[in-house]
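Colleague: Handing over protein14.cif, mmCIF, C-alpha atoms.
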```cif
data_entry
#
loop_
_atom_site.group_PDB
_atom_site.id
_atom_site.type_symbol
_atom_site.label_atom_id
_atom_site.label_comp_id
_atom_site.auth_asym_id
_atom_site.auth_seq_id
_atom_site.Cartn_x
_atom_site.Cartn_y
_atom_site.Cartn_z
ATOM 1 C CA MET A 180 27.554 2.509 -2.569
ATOM 2 C CA SER A 181 24.488 4.697 -2.239
ATOM 3 C CA ARG A 182 23.375 6.871 -5.169
ATOM 4 C CA LEU A 183 21.950 9.353 -2.682
ATOM 5 C CA THR A 184 23.950 10.959 0.069
ATOM 6 C CA LEU A 185 23.894 9.120 3.369
ATOM 7 C CA GLN A 186 23.477 12.046 5.729
ATOM 8 C CA THR A 187 24.798 12.054 9.280
ATOM 9 C CA LEU A 188 23.621 14.053 12.244
ATOM 10 C CA GLU A 189 26.287 16.619 11.398
ATOM 11 C CA THR A 190 25.643 16.825 7.630
ATOM 12 C CA ALA A 191 21.840 16.515 7.525
ATOM 13 C CA PRO A 192 19.801 19.594 6.716
ATOM 14 C CA VAL A 193 18.915 21.447 9.910
ATOM 15 C CA ASP A 194 15.221 20.522 9.640
ATOM 16 C CA SER A 195 16.118 16.817 9.403
ATOM 17 C CA ARG A 196 18.368 16.755 12.453
ATOM 18 C CA PRO A 197 15.687 16.287 15.157
ATOM 19 C CA PHE A 198 14.406 13.235 13.274
ATOM 20 C CA VAL A 199 17.920 11.881 12.785
ATOM 21 C CA GLU A 200 18.583 12.316 16.525
ATOM 22 C CA ARG A 201 15.380 10.441 17.354
ATOM 23 C CA ALA A 202 16.271 7.600 14.970
ATOM 24 C CA ILE A 203 19.711 7.234 16.519
ATOM 25 C CA ALA A 204 18.208 7.240 20.022
ATOM 26 C CA ASN A 205 15.594 4.621 19.038
ATOM 27 C CA ASN A 206 17.979 2.308 17.176
ATOM 28 C CA GLY A 207 21.390 2.861 18.709
ATOM 29 C CA PHE A 208 22.692 3.605 15.194
ATOM 30 C CA LEU A 209 21.588 5.593 12.152
ATOM 31 C CA PRO A 210 19.751 3.302 9.726
ATOM 32 C CA ASN A 211 20.684 4.039 6.121
ATOM 33 C CA LEU A 212 16.995 4.574 5.344
ATOM 34 C CA ILE A 213 16.936 7.542 7.713
ATOM 35 C CA ALA A 214 20.293 8.754 6.379
ATOM 36 C CA VAL A 215 18.806 8.755 2.865
ATOM 37 C CA LEU A 216 15.464 10.311 3.805
ATOM 38 C CA ALA A 217 17.316 13.037 5.717
ATOM 39 C CA ASN A 218 18.189 14.557 2.329
ATOM 40 C CA SER A 219 14.591 15.792 2.296
ATOM 41 C CA PRO A 220 13.331 17.037 5.654
ATOM 42 C CA GLN A 221 9.778 16.655 4.333
ATOM 43 C CA ALA A 222 10.288 13.038 3.278
ATOM 44 C CA LEU A 223 11.871 12.214 6.627
ATOM 45 C CA GLU A 224 9.126 13.990 8.561
ATOM 46 C CA THR A 225 6.498 12.149 6.530
ATOM 47 C CA TYR A 226 8.148 8.823 7.275
ATOM 48 C CA MET A 227 8.415 9.541 11.011
ATOM 49 C CA THR A 228 4.863 10.901 11.238
ATOM 50 C CA VAL A 229 3.245 8.098 9.258
ATOM 51 C CA SER A 230 5.271 5.528 11.222
ATOM 52 C CA GLY A 231 3.809 6.933 14.427
ATOM 53 C CA ILE A 232 0.293 6.903 13.015
ATOM 54 C CA ASN A 233 0.721 3.355 11.701
ATOM 55 C CA ALA A 234 1.809 2.240 15.180
ATOM 56 C CA LYS A 235 -1.528 3.476 16.580
ATOM 57 C CA THR A 236 -3.761 1.411 14.294
ATOM 58 C CA SER A 237 -5.913 -1.439 15.546
ATOM 59 C CA LEU A 238 -3.605 -3.943 13.848
ATOM 60 C CA THR A 239 -1.208 -5.634 16.243
ATOM 61 C CA LEU A 240 2.538 -5.142 15.933
ATOM 62 C CA ALA A 241 2.765 -8.626 14.431
ATOM 63 C CA GLU A 242 0.098 -7.832 11.834
ATOM 64 C CA ARG A 243 1.776 -4.530 10.945
ATOM 65 C CA GLU A 244 5.105 -6.306 10.502
ATOM 66 C CA VAL A 245 3.468 -8.838 8.170
ATOM 67 C CA VAL A 246 2.367 -5.913 5.998
ATOM 68 C CA GLN A 247 5.846 -4.347 6.082
ATOM 69 C CA ILE A 248 7.745 -7.527 5.228
ATOM 70 C CA THR A 249 5.221 -8.452 2.533
ATOM 71 C CA ALA A 250 5.438 -5.047 0.852
ATOM 72 C CA ALA A 251 9.243 -4.995 1.095
ATOM 73 C CA ARG A 252 9.455 -8.466 -0.451
ATOM 74 C CA ILE A 253 7.164 -7.538 -3.326
ATOM 75 C CA HIS A 254 8.919 -4.201 -3.859
ATOM 76 C CA GLY A 255 12.349 -5.846 -3.732
ATOM 77 C CA CYS A 256 13.672 -3.887 -0.742
ATOM 78 C CA ASP A 257 16.100 -6.123 1.136
ATOM 79 C CA PHE A 258 16.944 -3.265 3.518
ATOM 80 C CA CYS A 259 13.324 -3.045 4.711
ATOM 81 C CA ILE A 260 13.008 -6.823 4.875
ATOM 82 C CA ALA A 261 16.047 -6.854 7.177
ATOM 83 C CA GLY A 262 14.781 -3.998 9.336
ATOM 84 C CA HIS A 263 11.322 -5.470 9.753
ATOM 85 C CA THR A 264 12.713 -8.948 10.300
ATOM 86 C CA ALA A 265 14.671 -7.539 13.240
ATOM 87 C CA ILE A 266 11.522 -5.948 14.656
ATOM 88 C CA SER A 267 9.499 -9.112 14.050
ATOM 89 C CA LEU A 268 11.989 -11.293 15.897
ATOM 90 C CA LYS A 269 12.963 -8.913 18.699
ATOM 91 C CA LYS A 270 9.793 -6.949 19.434
ATOM 92 C CA ALA A 271 6.910 -8.967 17.985
ATOM 93 C CA GLN A 272 8.455 -12.253 19.183
ATOM 94 C CA PHE A 273 7.837 -14.087 15.913
ATOM 95 C CA PRO A 274 9.325 -17.565 15.639
ATOM 96 C CA VAL A 275 12.186 -17.624 13.127
ATOM 97 C CA GLU A 276 10.259 -20.050 10.905
ATOM 98 C CA GLN A 277 7.366 -17.586 10.539
ATOM 99 C CA VAL A 278 9.637 -14.694 9.610
ATOM 100 C CA ARG A 279 11.512 -16.858 7.132
ATOM 101 C CA ALA A 280 8.161 -17.816 5.571
ATOM 102 C CA LEU A 281 7.193 -14.145 5.289
ATOM 103 C CA GLN A 282 10.521 -13.309 3.674
ATOM 104 C CA GLN A 283 9.805 -16.012 1.094
ATOM 105 C CA GLY A 284 6.132 -15.139 0.541
ATOM 106 C CA GLN A 285 4.883 -18.348 2.119
ATOM 107 C CA ASP A 286 2.240 -19.084 4.736
ATOM 108 C CA THR A 287 3.321 -18.780 8.356
ATOM 109 C CA GLY A 288 0.926 -21.356 9.769
ATOM 110 C CA ASP A 289 -0.989 -18.619 11.635
ATOM 111 C CA ALA A 290 -4.334 -18.190 9.846
ATOM 112 C CA ARG A 291 -4.823 -14.551 10.861
ATOM 113 C CA LEU A 292 -1.308 -13.475 9.907
ATOM 114 C CA ASP A 293 -1.595 -15.351 6.641
ATOM 115 C CA ALA A 294 -4.881 -13.545 5.931
ATOM 116 C CA VAL A 295 -3.090 -10.209 6.402
ATOM 117 C CA ARG A 296 -0.270 -11.316 4.085
ATOM 118 C CA HIS A 297 -2.657 -12.506 1.383
ATOM 119 C CA PHE A 298 -4.712 -9.315 1.615
ATOM 120 C CA ALA A 299 -1.613 -7.094 1.495
ATOM 121 C CA GLU A 300 -0.378 -9.011 -1.554
ATOM 122 C CA ALA A 301 -3.752 -8.524 -3.248
ATOM 123 C CA VAL A 302 -3.847 -4.803 -2.432
ATOM 124 C CA ILE A 303 -0.366 -4.306 -3.892
ATOM 125 C CA ALA A 304 -0.935 -6.507 -6.955
ATOM 126 C CA ARG A 305 -4.266 -4.858 -7.806
ATOM 127 C CA ARG A 306 -3.262 -1.344 -6.655
ATOM 128 C CA GLY A 307 -6.123 -1.391 -4.180
ATOM 129 C CA ALA A 308 -8.764 -2.777 -6.522
ATOM 130 C CA VAL A 309 -8.831 -6.188 -4.849
ATOM 131 C CA VAL A 310 -11.348 -8.696 -6.114
ATOM 132 C CA ASP A 311 -14.300 -9.295 -3.835
ATOM 133 C CA ALA A 312 -13.122 -12.814 -2.968
ATOM 134 C CA ASP A 313 -9.844 -11.439 -1.540
ATOM 135 C CA TYR A 314 -11.650 -8.771 0.465
ATOM 136 C CA GLN A 315 -14.236 -11.249 1.774
ATOM 137 C CA ALA A 316 -11.514 -13.713 2.764
ATOM 138 C CA PHE A 317 -9.864 -10.937 4.791
ATOM 139 C CA LEU A 318 -13.159 -10.072 6.500
ATOM 140 C CA GLN A 319 -13.975 -13.736 7.160
ATOM 141 C CA SER A 320 -10.629 -14.058 8.953
ATOM 142 C CA GLY A 321 -11.945 -11.692 11.612
ATOM 143 C CA TYR A 322 -10.819 -8.349 10.224
ATOM 144 C CA ASN A 323 -12.996 -5.336 9.449
ATOM 145 C CA GLU A 324 -13.230 -2.318 7.137
ATOM 146 C CA GLN A 325 -11.040 -0.202 9.393
ATOM 147 C CA GLN A 326 -8.311 -2.832 9.339
ATOM 148 C CA ALA A 327 -8.524 -3.149 5.557
ATOM 149 C CA LEU A 328 -7.707 0.550 5.345
ATOM 150 C CA GLU A 329 -4.976 0.124 7.959
ATOM 151 C CA VAL A 330 -3.340 -2.474 5.701
ATOM 152 C CA VAL A 331 -3.420 0.153 2.936
ATOM 153 C CA LEU A 332 -1.874 2.665 5.362
ATOM 154 C CA GLY A 333 0.930 0.216 6.161
ATOM 155 C CA ILE A 334 1.531 -0.391 2.471
ATOM 156 C CA SER A 335 1.757 3.364 1.870
ATOM 157 C CA LEU A 336 4.400 3.643 4.588
ATOM 158 C CA ALA A 337 6.285 0.680 3.172
ATOM 159 C CA THR A 338 6.129 2.128 -0.329
ATOM 160 C CA LEU A 339 7.856 5.340 0.772
ATOM 161 C CA CYS A 340 10.630 3.372 2.476
ATOM 162 C CA ASN A 341 10.977 0.653 -0.151
ATOM 163 C CA PHE A 342 11.116 3.070 -3.057
ATOM 164 C CA ALA A 343 13.495 5.487 -1.291
ATOM 165 C CA ASN A 344 15.859 2.608 -0.538
ATOM 166 C CA SER A 345 15.632 1.318 -4.099
ATOM 167 C CA LEU A 346 16.308 4.788 -5.486
ATOM 168 C CA ALA A 347 19.296 5.225 -3.185
ATOM 169 C CA GLY A 348 20.667 1.722 -3.602
ATOM 170 C CA SER A 349 22.222 1.994 -0.163
ATOM 171 C CA GLU A 350 23.565 -1.013 1.655
ATOM 172 C CA ILE A 351 21.962 -2.729 4.615
ATOM 173 C CA ASN A 352 23.562 -1.434 7.816
ATOM 174 C CA LYS A 353 25.912 -3.939 9.454
ATOM 175 C CA GLU A 354 23.566 -4.007 12.466
ATOM 176 C CA LEU A 355 20.760 -5.289 10.239
ATOM 177 C CA GLN A 356 22.725 -7.681 8.014
ATOM 178 C CA PRO A 357 22.016 -10.708 10.279
ATOM 179 C CA PHE A 358 18.302 -10.177 9.449
ATOM 180 C CA ALA A 359 18.633 -9.848 5.690
ATOM 181 C CA PRO A 360 16.809 -12.265 3.385
ATOM 182 C CA GLY A 361 18.526 -15.630 3.574
ATOM 183 C CA ALA A 362 20.456 -14.786 6.749
ATOM 184 C CA ILE A 363 17.989 -16.180 9.281
#
```
Mind turning this structure into structure tokens?
Modeller:
Amino acid sequence: MSRLTLQTLETAPVDSRPFVERAIANNGFLPNLIAVLANSPQALETYMTVSGINAKTSLTLAEREVVQITAARIHGCDFCIAGHTAISLKKAQFPVEQVRALQQGQDTGDARLDAVRHFAEAVIARRGAVVDADYQAFLQSGYNEQQALEVVLGISLATLCNFANSLAGSEINKELQPFAPGAI
């Protein structure tokens, strides 16, 4: 049971309702993350806005999903792992084995994706103050300064979601349960 109210389209604050409507239209259901964030129109707007900005970075969808799953795993947010596993499998067309590896913090076998995972782990572990060797390894994998900052952007988005879900303690929606850690 969630510690925070799981809002619905009908119960959400008026300023949250357009975002709730958009989430339902995009997903076919109301993810509990959105239902929780709807308690604060500003938090929900921030999430939706930053999500849109994150989607416009130079990182590919696959690379962005590596960041999201990595951050969710480190932050202990099974809800976000499930949500981003679904996106990784359905939209980014990841092989199941790669997503399972990401869920477990292991290499995927794709050098570029693994470089993103390792860099994201270093950014989170060192709160941005990565050692030069980690930064150079990221650059030597074909990434650049812009993309290093885009990894940080993705982590900031993940942190909002991961921490909100952890605070709420809400369950993974039934639609996402098949993508939860250990389910694939």
Colleague: What would the selection look like, as a PyMOL selection string, if the PyMOL selection byres ((chain A and resi 290) around 12) were run on the coordinates I just shared?
Modeller: chain A and resi 242+277+286-289+291-297+316-317+319-322
Colleague: Which residue is closest to A:Arg279? Choose from A:Val229, A:Glu200, A:Ile248, A:Leu183 and count all atoms listed in the file.
Modeller: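 The closest residue to A:Arg279 is A:Ile248.
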Colleague: Evaluate the PyMOL selection byres ((chain A and resi 314) around 10) here and jot the selected residues down as a PyMOL selection string.
Modeller: chain A and resi 294+297-298+301-302+308-313+315-319+322-324+327
Colleague: Which residues, named as in the file, does the PyMOL selection byres ((chain A and resi 185) around 10) pick out? Answer as a ChimeraX atom specification.
Modeller: /A:180-184,186-187,190-191,209-218,347,349
Colleague: If I wrap all listed atoms of stretch 272-275 of chain A in a box with edges along x, y and z and add 4 Å on each side, what are its centre and edge lengths in Å to one decimal, as JSON?
Modeller:
```
{"center_x": 10.0, "center_y": -14.9, "center_z": 16.2, "size_x": 12.3, "size_y": 13.4, "size_z": 14.1}
```
Colleague: Which distance in Å separates atom CA of A:Thr249 and atom CA of A:Phe342, to one decimal?
Modeller: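 These two atoms are separated by 14.1 Å.
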Colleague: Could you check how far atom CA of A:Thr239 sits from atom CA of A:Ile334, in Å to one decimal?
Modeller: 15.0 Å
Colleague: Pick out the closest residue to A:Gly255 from this set: A:Ile363, A:Met227, A:Ala337, A:Leu240. Count all atoms listed in the file.
Modeller: A:Ala337
Colleague: Counting all atoms listed in the file, which of A:Val193, A:Leu188, A:Ala222, A:Val275 gets nearest to A:Ala343?
Modeller: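 Looking at the shortest contact to A:Ala343, the residue is A:Ala222.
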Colleague: My list of candidates is A:Arg196, A:Lys270, A:His263, A:Arg306. Which is closest to A:Gln356 when distances are computed with only C-alpha atoms?
Modeller: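 Once distances to A:Gln356 are computed over only C-alpha atoms, the minimum belongs to A:His263.
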Colleague: Using all atoms listed in the file for the distances, tell me which of A:Ile232, A:Ala271, A:Ala359, A:Val199 is nearest to A:Ser219.
Modeller: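 Among A:Ile232, A:Ala271, A:Ala359, A:Val199, it is A:Val199 that comes nearest to A:Ser219.
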Colleague: From the set A:Ala299, A:Leu355, A:Leu346, A:Ala362, which residue has the shortest atom-to-atom contact distance to A:Val331, counting all atoms listed in the file?
Modeller: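 Using all atoms listed in the file, the shortest distance to A:Val331 belongs to A:Ala299.
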Colleague: Could you state the separation of atom CA of A:Phe208 and atom CA of A:Val330 in Å, given to one decimal place?
Modeller: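 That distance, rounded to one decimal, is 28.4 Å.
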Colleague: For A:Ser267, work out the shell of residues within 8 Å, counting only C-alpha atoms and skipping chain neighbours fewer than 4 positions away, then give it as a list in words.
Modeller: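 My list of contacting residues is Ala241, Glu244, His263, Ala271, Gln272, Phe273 and Val278 of chain A.
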Colleague: Since the input lacks some atoms of stretch 185-196 of chain A, please model all heavy atoms and print them as a PDB file, in the coordinates of the input.
Modeller:
```
ATOM      1  N   LEU A 185      24.252   9.639   2.052  1.00  0.00           N
ATOM      2  CA  LEU A 185      23.894   9.120   3.369  1.00  0.00           C
ATOM      3  C   LEU A 185      24.263  10.214   4.370  1.00  0.00           C
ATOM      4  O   LEU A 185      25.432  10.400   4.701  1.00  0.00           O
ATOM      5  CB  LEU A 185      24.633   7.823   3.678  1.00  0.00           C
ATOM      6  CG  LEU A 185      24.261   6.620   2.817  1.00  0.00           C
ATOM      7  CD1 LEU A 185      25.169   5.436   3.131  1.00  0.00           C
ATOM      8  CD2 LEU A 185      22.805   6.242   3.011  1.00  0.00           C
ATOM      9  N   GLN A 186      23.251  10.940   4.804  1.00  0.00           N
ATOM     10  CA  GLN A 186      23.477  12.046   5.729  1.00  0.00           C
ATOM     11  C   GLN A 186      23.842  11.512   7.110  1.00  0.00           C
ATOM     12  O   GLN A 186      23.526  10.373   7.456  1.00  0.00           O
ATOM     13  CB  GLN A 186      22.233  12.935   5.826  1.00  0.00           C
ATOM     14  CG  GLN A 186      21.838  13.588   4.529  1.00  0.00           C
ATOM     15  CD  GLN A 186      22.820  14.658   4.073  1.00  0.00           C
ATOM     16  OE1 GLN A 186      23.662  15.152   4.832  1.00  0.00           O
ATOM     17  NE2 GLN A 186      22.716  15.036   2.804  1.00  0.00           N
ATOM     18  N   THR A 187      24.504  12.330   7.874  1.00  0.00           N
ATOM     19  CA  THR A 187      24.798  12.054   9.280  1.00  0.00           C
ATOM     20  C   THR A 187      24.116  13.130  10.099  1.00  0.00           C
ATOM     21  O   THR A 187      23.559  14.094   9.542  1.00  0.00           O
ATOM     22  CB  THR A 187      26.313  12.098   9.551  1.00  0.00           C
ATOM     23  OG1 THR A 187      26.771  13.446   9.339  1.00  0.00           O
ATOM     24  CG2 THR A 187      27.078  11.141   8.648  1.00  0.00           C
ATOM     25  N   LEU A 188      24.192  13.005  11.389  1.00  0.00           N
ATOM     26  CA  LEU A 188      23.621  14.053  12.244  1.00  0.00           C
ATOM     27  C   LEU A 188      24.271  15.400  11.933  1.00  0.00           C
ATOM     28  O   LEU A 188      23.596  16.430  11.912  1.00  0.00           O
ATOM     29  CB  LEU A 188      23.798  13.684  13.727  1.00  0.00           C
ATOM     30  CG  LEU A 188      23.194  14.656  14.730  1.00  0.00           C
ATOM     31  CD1 LEU A 188      21.703  14.868  14.484  1.00  0.00           C
ATOM     32  CD2 LEU A 188      23.424  14.156  16.144  1.00  0.00           C
ATOM     33  N   GLU A 189      25.548  15.383  11.648  1.00  0.00           N
ATOM     34  CA  GLU A 189      26.287  16.619  11.398  1.00  0.00           C
ATOM     35  C   GLU A 189      26.037  17.192  10.007  1.00  0.00           C
ATOM     36  O   GLU A 189      26.099  18.410   9.814  1.00  0.00           O
ATOM     37  CB  GLU A 189      27.793  16.393  11.587  1.00  0.00           C
ATOM     38  CG  GLU A 189      28.209  16.049  13.006  1.00  0.00           C
ATOM     39  CD  GLU A 189      27.881  14.606  13.419  1.00  0.00           C
ATOM     40  OE1 GLU A 189      27.814  13.711  12.545  1.00  0.00           O
ATOM     41  OE2 GLU A 189      27.668  14.395  14.626  1.00  0.00           O
ATOM     42  N   THR A 190      25.776  16.341   9.004  1.00  0.00           N
ATOM     43  CA  THR A 190      25.643  16.825   7.630  1.00  0.00           C
ATOM     44  C   THR A 190      24.194  16.998   7.188  1.00  0.00           C
ATOM     45  O   THR A 190      23.941  17.642   6.159  1.00  0.00           O
ATOM     46  CB  THR A 190      26.328  15.866   6.639  1.00  0.00           C
ATOM     47  OG1 THR A 190      25.670  14.594   6.671  1.00  0.00           O
ATOM     48  CG2 THR A 190      27.809  15.722   6.962  1.00  0.00           C
ATOM     49  N   ALA A 191      23.255  16.447   7.913  1.00  0.00           N
ATOM     50  CA  ALA A 191      21.840  16.515   7.525  1.00  0.00           C
ATOM     51  C   ALA A 191      21.350  17.961   7.526  1.00  0.00           C
ATOM     52  O   ALA A 191      21.827  18.784   8.328  1.00  0.00           O
ATOM     53  CB  ALA A 191      20.991  15.684   8.477  1.00  0.00           C
ATOM     54  N   PRO A 192      20.410  18.273   6.647  1.00  0.00           N
ATOM     55  CA  PRO A 192      19.801  19.594   6.716  1.00  0.00           C
ATOM     56  C   PRO A 192      19.264  19.848   8.134  1.00  0.00           C
ATOM     57  O   PRO A 192      18.821  18.918   8.813  1.00  0.00           O
ATOM     58  CB  PRO A 192      18.658  19.522   5.690  1.00  0.00           C
ATOM     59  CG  PRO A 192      19.079  18.452   4.733  1.00  0.00           C
ATOM     60  CD  PRO A 192      19.840  17.456   5.565  1.00  0.00           C
ATOM     61  N   VAL A 193      19.302  21.089   8.544  1.00  0.00           N
ATOM     62  CA  VAL A 193      18.915  21.447   9.910  1.00  0.00           C
ATOM     63  C   VAL A 193      17.528  20.902  10.266  1.00  0.00           C
ATOM     64  O   VAL A 193      17.336  20.385  11.374  1.00  0.00           O
ATOM     65  CB  VAL A 193      18.978  22.989  10.097  1.00  0.00           C
ATOM     66  CG1 VAL A 193      18.389  23.409  11.432  1.00  0.00           C
ATOM     67  CG2 VAL A 193      20.407  23.479   9.949  1.00  0.00           C
ATOM     68  N   ASP A 194      16.584  20.979   9.342  1.00  0.00           N
ATOM     69  CA  ASP A 194      15.221  20.522   9.640  1.00  0.00           C
ATOM     70  C   ASP A 194      15.114  19.001   9.761  1.00  0.00           C
ATOM     71  O   ASP A 194      14.126  18.493  10.305  1.00  0.00           O
ATOM     72  CB  ASP A 194      14.237  21.028   8.582  1.00  0.00           C
ATOM     73  CG  ASP A 194      14.003  22.533   8.676  1.00  0.00           C
ATOM     74  OD1 ASP A 194      14.366  23.144   9.713  1.00  0.00           O
ATOM     75  OD2 ASP A 194      13.471  23.102   7.705  1.00  0.00           O
ATOM     76  N   SER A 195      16.114  18.276   9.268  1.00  0.00           N
ATOM     77  CA  SER A 195      16.118  16.817   9.403  1.00  0.00           C
ATOM     78  C   SER A 195      16.742  16.357  10.712  1.00  0.00           C
ATOM     79  O   SER A 195      16.491  15.237  11.165  1.00  0.00           O
ATOM     80  CB  SER A 195      16.890  16.177   8.243  1.00  0.00           C
ATOM     81  OG  SER A 195      16.200  16.317   7.032  1.00  0.00           O
ATOM     82  N   ARG A 196      17.568  17.178  11.309  1.00  0.00           N
ATOM     83  CA  ARG A 196      18.368  16.755  12.453  1.00  0.00           C
ATOM     84  C   ARG A 196      17.566  16.242  13.648  1.00  0.00           C
ATOM     85  O   ARG A 196      17.958  15.229  14.243  1.00  0.00           O
ATOM     86  CB  ARG A 196      19.335  17.858  12.859  1.00  0.00           C
ATOM     87  CG  ARG A 196      20.428  18.023  11.832  1.00  0.00           C
ATOM     88  CD  ARG A 196      21.409  19.103  12.180  1.00  0.00           C
ATOM     89  NE  ARG A 196      22.310  19.301  11.042  1.00  0.00           N
ATOM     90  CZ  ARG A 196      23.185  20.254  10.948  1.00  0.00           C
ATOM     91  NH1 ARG A 196      23.337  21.119  11.952  1.00  0.00           N
ATOM     92  NH2 ARG A 196      23.942  20.361   9.884  1.00  0.00           N
TER      93      ARG A 196
END
```
